[in-house]
file entry.cif (mmCIF, C-alpha atoms)
data_start
#
loop_
_atom_site.label_atom_id
_atom_site.label_comp_id
_atom_site.auth_asym_id
_atom_site.auth_seq_id
_atom_site.Cartn_x
_atom_site.Cartn_y
_atom_site.Cartn_z
CA ARG A 1 15.79 -13.77 10.65
CA PHE A 2 12.59 -12.90 8.81
CA GLY A 3 12.12 -9.63 10.70
CA GLN A 4 15.81 -8.77 10.39
CA VAL A 5 15.58 -8.72 6.61
CA VAL A 6 12.50 -6.50 6.70
CA GLN A 7 14.20 -4.18 9.19
CA ARG A 8 17.35 -3.98 7.06
CA VAL A 9 15.37 -3.02 3.95
CA LEU A 10 13.43 -0.36 5.86
CA SER A 11 16.66 0.92 7.40
CA GLY A 12 18.22 1.11 3.94
CA MET A 13 15.34 3.38 2.97
CA LYS A 14 15.97 5.50 6.10
CA ILE A 15 12.73 4.29 7.68
CA ARG A 16 13.18 3.87 11.41
CA ALA A 17 12.02 0.62 12.94
CA THR A 18 11.70 -0.47 16.53
CA VAL A 19 12.34 -4.15 17.21
CA LEU A 20 10.56 -6.22 19.85
CA ASP A 21 12.00 -9.64 20.62
CA HIS A 22 11.81 -12.24 23.37
CA ASP A 23 15.45 -13.27 22.91
CA PRO A 24 17.79 -11.10 25.03
CA ASN A 25 20.76 -11.99 22.79
CA GLN A 26 18.88 -10.76 19.76
CA ILE A 27 17.99 -7.50 21.52
CA GLU A 28 21.65 -6.93 22.39
CA LEU A 29 22.68 -7.59 18.79
CA VAL A 30 20.01 -5.28 17.36
CA ARG A 31 21.06 -2.50 19.75
CA ARG A 32 24.74 -2.93 18.80
CA PHE A 33 23.78 -1.97 15.28
CA GLY A 34 22.20 1.23 16.58
CA ASN A 35 18.57 0.16 16.40
CA LYS A 36 15.92 0.75 19.03
CA ALA A 37 14.85 -2.56 20.58
CA TYR A 38 12.62 -3.80 23.40
CA TYR A 39 12.85 -7.09 25.17
CA GLY A 40 9.67 -9.01 25.97
CA ASP A 41 6.51 -10.67 24.77
CA ALA A 42 4.92 -8.70 21.92
CA THR A 43 1.52 -10.20 22.75
CA ARG A 44 1.48 -7.85 25.76
CA LEU A 45 -0.30 -4.55 25.25
CA ASP A 46 1.98 -2.71 27.69
CA LEU A 47 5.11 -3.71 25.73
CA LEU A 48 3.60 -2.59 22.44
CA GLU A 49 2.70 0.75 24.01
CA ALA A 50 6.14 1.17 25.60
CA ALA A 51 7.70 0.53 22.18
CA GLY A 52 5.65 3.39 20.69
CA VAL A 53 2.97 1.56 18.75
CA ARG A 54 0.51 4.46 19.17
CA LYS A 55 2.78 6.64 17.01
CA ALA A 56 3.75 3.89 14.59
CA LYS A 57 2.34 3.67 11.09
CA LEU A 58 3.06 -0.01 10.53
CA LEU A 59 3.46 -3.16 12.61
CA VAL A 60 5.32 -6.03 10.98
CA VAL A 61 4.56 -9.21 12.90
CA ALA A 62 7.48 -11.51 12.15
CA VAL A 63 7.34 -13.93 15.11
CA ASP A 64 7.81 -17.59 14.29
CA ASN A 65 5.00 -18.85 16.53
CA PRO A 66 1.67 -18.84 14.63
CA GLU A 67 -0.46 -18.58 17.79
CA SER A 68 1.55 -15.62 19.10
CA ALA A 69 1.39 -13.92 15.71
CA MET A 70 -2.39 -14.26 15.67
CA ARG A 71 -2.66 -12.87 19.21
CA ILE A 72 -0.52 -9.86 18.24
CA VAL A 73 -2.62 -9.21 15.13
CA LYS A 74 -5.88 -9.40 17.09
CA LEU A 75 -4.47 -7.18 19.85
CA ALA A 76 -3.30 -4.60 17.34
CA ARG A 77 -6.62 -4.68 15.50
CA ARG A 78 -8.53 -4.19 18.75
CA HIS A 79 -6.42 -1.36 20.22
CA PHE A 80 -4.65 0.42 17.34
CA HIS A 81 -7.07 1.01 14.49
CA HIS A 82 -4.70 3.39 12.71
CA LEU A 83 -1.97 0.78 12.43
CA LYS A 84 -1.24 -0.97 9.16
CA LEU A 85 -0.29 -4.61 9.59
CA ILE A 86 1.93 -7.02 7.69
CA VAL A 87 2.20 -10.49 9.19
CA ARG A 88 4.43 -13.47 8.60
CA ALA A 89 2.30 -16.52 7.85
CA ARG A 90 3.99 -19.77 8.68
CA SER A 91 1.70 -21.89 6.53
CA ARG A 92 -0.99 -21.66 3.91
CA SER A 93 -3.56 -22.26 6.66
CA ASP A 94 -2.29 -19.21 8.53
CA ALA A 95 -2.44 -17.22 5.31
CA PHE A 96 -6.09 -18.28 4.86
CA GLU A 97 -6.96 -16.94 8.30
CA TYR A 98 -5.17 -13.62 7.76
CA HIS A 99 -6.81 -13.28 4.35
CA GLU A 100 -10.24 -13.66 5.98
CA MET A 101 -9.24 -10.93 8.47
CA ASP A 102 -8.10 -8.71 5.57
CA VAL A 103 -4.57 -8.59 7.00
CA PRO A 104 -1.77 -8.80 4.43
CA SER A 105 0.45 -11.79 5.09
CA VAL A 106 3.73 -13.03 3.70
CA ARG A 107 4.23 -16.78 3.69
CA GLU A 108 7.61 -17.33 5.27
CA THR A 109 9.02 -19.89 2.84
CA PHE A 110 7.06 -18.97 -0.28
CA GLY A 111 9.51 -16.38 -1.62
CA ALA A 112 12.54 -18.57 -0.99
CA ALA A 113 10.80 -21.53 -2.62
CA LEU A 114 10.04 -19.40 -5.68
CA ASP A 115 13.72 -18.35 -5.79
CA ALA A 116 14.63 -22.07 -5.77
CA ALA A 117 12.11 -22.76 -8.54
CA GLU A 118 13.63 -19.98 -10.64
CA ALA A 119 17.14 -21.35 -10.04
CA SER A 120 15.86 -24.82 -11.02
CA LEU A 121 14.47 -23.51 -14.29
CA ARG A 122 17.78 -21.77 -15.00
CA ALA A 123 19.62 -25.05 -14.33
CA LEU A 124 17.27 -26.66 -16.88
CA ASP A 125 18.39 -24.17 -19.54
CA PHE A 126 15.62 -21.62 -19.23
CA GLY A 127 16.95 -18.12 -19.77
CA PRO A 128 16.82 -15.64 -16.91
CA VAL A 129 13.88 -13.69 -18.37
CA ALA A 130 11.86 -16.83 -19.08
CA ALA A 131 12.54 -18.27 -15.62
CA ARG A 132 11.53 -15.00 -13.97
CA ARG A 133 8.39 -14.81 -16.13
CA VAL A 134 7.32 -18.37 -15.18
CA VAL A 135 7.84 -17.71 -11.48
CA ALA A 136 5.99 -14.37 -11.64
CA ARG A 137 3.02 -16.07 -13.33
CA PHE A 138 3.05 -18.82 -10.76
CA ARG A 139 3.17 -16.30 -7.90
CA ARG A 140 0.16 -14.37 -9.27
CA HIS A 141 -1.78 -17.57 -9.83
CA ASP A 142 -1.02 -18.91 -6.37
CA GLU A 143 -2.01 -15.67 -4.63
CA GLU A 144 -5.32 -15.71 -6.53
CA LEU A 145 -5.82 -19.38 -5.66
CA LEU A 146 -5.15 -18.69 -1.99
CA ALA A 147 -7.85 -16.02 -1.99
CA GLU A 148 -10.24 -18.44 -3.68
CA GLN A 149 -9.42 -21.26 -1.25
CA ALA A 150 -9.54 -19.21 1.97
CA PRO A 151 -13.33 -19.20 2.41
CA HIS A 152 -13.34 -23.00 2.05
CA ARG A 153 -10.40 -23.85 4.33
CA ASN A 154 -12.64 -25.87 6.66
CA GLU A 155 -14.58 -27.60 3.86
CA VAL A 156 -12.24 -30.40 2.80
CA LYS A 157 -14.19 -31.49 -0.32
CA LYS A 158 -14.52 -27.95 -1.63
CA LEU A 159 -10.90 -27.11 -0.79
CA VAL A 160 -9.69 -30.19 -2.66
CA ALA A 161 -11.91 -29.37 -5.66
CA VAL A 162 -10.64 -25.77 -5.80
CA SER A 163 -7.04 -27.00 -5.41
CA LEU A 164 -7.38 -29.57 -8.20
CA GLN A 165 -8.86 -26.94 -10.51
CA GLY A 166 -6.00 -24.63 -9.56
CA ARG A 167 -3.49 -27.32 -10.49
CA GLN A 168 -5.11 -27.73 -13.92
CA ASP A 169 -5.18 -23.95 -14.37
CA ILE A 170 -1.49 -23.54 -13.56
CA GLU A 171 -0.55 -26.37 -15.93
CA GLN A 172 -2.42 -24.59 -18.73
CA LEU A 173 -1.04 -21.19 -17.77
CA LEU A 174 2.56 -22.39 -17.65
CA GLY A 175 2.25 -24.95 -20.44
CA SER A 176 3.04 -22.44 -23.13
CA GLU A 177 6.10 -21.30 -21.18
CA ALA A 178 7.73 -24.73 -21.53
CA LEU A 179 8.24 -23.99 -25.20
CA ARG A 180 9.66 -20.51 -24.55
CA LYS A 181 12.96 -21.07 -22.75
CA THR A 182 14.41 -17.66 -23.58
#
call {"tool": "encode", "arguments": {"input": "entry.cif", "output": "structure tokens"}}
result
Amino acid sequence: RFGQVVQRVLSGMKIRATVLDHDPNQIELVRRFGNKAYYGDATRLDLLEAAGVRKAKLLVVAVDNPESAMRIVKLARRHFHHLKLIVRARSRSDAFEYHEMDVPSVRETFGAALDAAEASLRALDFGPVAARRVVARFRRHDEELLAEQAPHRNEVKKLVAVSLQGRQDIEQLLGSEALRKT
């Protein structure tokens, strides 16, 4: 589902994408819509090469298994230096690891959760511009906080301290927005 949305956006921009999937039903569906698709395990170098990764500009790793995603990223980094990477991070911990590797990641539920937060603010009588502004500020703050936390992900005391400071910072940052509902 995650990769499908990315592929649909790229397709809408007339950017060709090749899909790799381990689900034969998904491959059949993707092909029915006229897309190039390969069946198999994307952690295998030979499958990536058969799919044309050497000519590709970008590899979007959208698998739902964090260990497989990490193996694909490491494989791509080792063999295809020209390739830009975008990876789906299942959790904040995964995002920390990708951040340390300097690989852009997208947290799989973060965007949807922010959409729900915006809808919640709207339901609480915030105007659409104010709700969008609050969510945009929160997104920026959280991305900065993630970068600050990443080096300390294995130091529980430091991670907690940075997180608590981040909570105070976001309360101050968004505090003024509570008065501005329009």
call {"tool": "atom_distance", "arguments": {"input": "entry.cif", "atom1": "atom CA of A:Leu121", "atom2": "atom CA of A:Val135"}}
result
9.2 Å
call {"tool": "resolve_selection", "arguments": {"input": "entry.cif", "expression": "the PyMOL selection byres ((chain A and resi 7-9) around 12)", "output": "list in words"}}
result
Arg1, Phe2, Gly3, Gln4, Val5, Val6, Leu10, Ser11, Gly12, Met13, Lys14, Ile15, Arg16, Ala17, Thr18, Val19, Leu20, Val30, Phe33, Gly34, Asn35, Lys36, Ala37, Leu58, Leu59, Val60, Val61 and Ala62 of chain A
call {"tool": "residues_around", "arguments": {"input": "entry.cif", "residues": "stretch 73-84 of chain A", "least_positions_apart": "5", "cutoff": "10 Å", "atoms": "all atoms listed in the file", "output": "list in words"}}
result
Ala42, Thr43, Arg44, Leu45, Leu48, Glu49, Val53, Arg54, Lys55, Ala56, Lys57, Leu58, Leu59, Val60, Val61, Glu67, Ser68, Tyr98, Met101, Val103 and Pro104 of chain A
call {"tool": "residues_around", "arguments": {"input": "entry.cif", "residues": "A:Asp64", "least_positions_apart": "2", "cutoff": "8 Å", "atoms": "all atoms listed in the file", "output": "ChimeraX atom specification"}}
result
/A:62,66,69,88,90
call {"tool": "write_last_selection", "arguments": {"input": "entry.cif", "atoms": "C-alpha atoms", "output": "compact mmCIF listing (two decimals), in the frame of the given file"}}
result
# COMPACT_ATOMS: atom_id res chain seq x y z
CA ALA A 62 7.48 -11.51 12.15
CA PRO A 66 1.67 -18.84 14.63
CA ALA A 69 1.39 -13.92 15.71
CA ARG A 88 4.43 -13.47 8.60
CA ARG A 90 3.99 -19.77 8.68
call {"tool": "closest_residue", "arguments": {"input": "entry.cif", "among": "A:Ser163, A:Leu146, A:Tyr39, A:Ala50", "to": "A:Ser91", "atoms": "only C-alpha atoms"}}
result
A:Leu146
call {"tool": "atom_distance", "arguments": {"input": "entry.cif", "atom1": "atom CA of A:Val162", "atom2": "atom CA of A:Glu148"}}
result
7.6 Å
call {"tool": "resolve_selection", "arguments": {"input": "entry.cif", "expression": "the PyMOL selection byres ((chain A and resi 117) around 12)", "output": "ChimeraX atom specification"}}
result
/A:110-116,118-124,126,128,131-136,138-139
call {"tool": "decode", "arguments": {"input": "entry.cif", "residues": "stretch 110-126 of chain A", "atoms": "C-alpha atoms", "output": "PDB file, in the first residue's frame"}}
result
ATOM      1  CA  PHE A 110       3.637   9.737  10.724  1.00  0.00           C
ATOM      2  CA  GLY A 111       1.927  11.500   7.809  1.00  0.00           C
ATOM      3  CA  ALA A 112      -1.413   9.802   8.433  1.00  0.00           C
ATOM      4  CA  ALA A 113      -1.183  10.615  12.144  1.00  0.00           C
ATOM      5  CA  LEU A 114      -0.535  14.267  11.301  1.00  0.00           C
ATOM      6  CA  ASP A 115      -3.577  14.219   8.989  1.00  0.00           C
ATOM      7  CA  ALA A 116      -5.625  12.886  11.934  1.00  0.00           C
ATOM      8  CA  ALA A 117      -4.218  15.597  14.216  1.00  0.00           C
ATOM      9  CA  GLU A 118      -5.198  18.257  11.683  1.00  0.00           C
ATOM     10  CA  ALA A 119      -8.709  16.787  11.403  1.00  0.00           C
ATOM     11  CA  SER A 120      -8.913  16.756  15.218  1.00  0.00           C
ATOM     12  CA  LEU A 121      -8.005  20.427  15.413  1.00  0.00           C
ATOM     13  CA  ARG A 122     -10.627  21.214  12.764  1.00  0.00           C
ATOM     14  CA  ALA A 123     -13.217  19.288  14.806  1.00  0.00           C
ATOM     15  CA  LEU A 124     -12.222  21.470  17.781  1.00  0.00           C
ATOM     16  CA  ASP A 125     -13.072  24.620  15.797  1.00  0.00           C
ATOM     17  CA  PHE A 126      -9.626  25.518  14.524  1.00  0.00           C
TER      18      PHE A 126
END
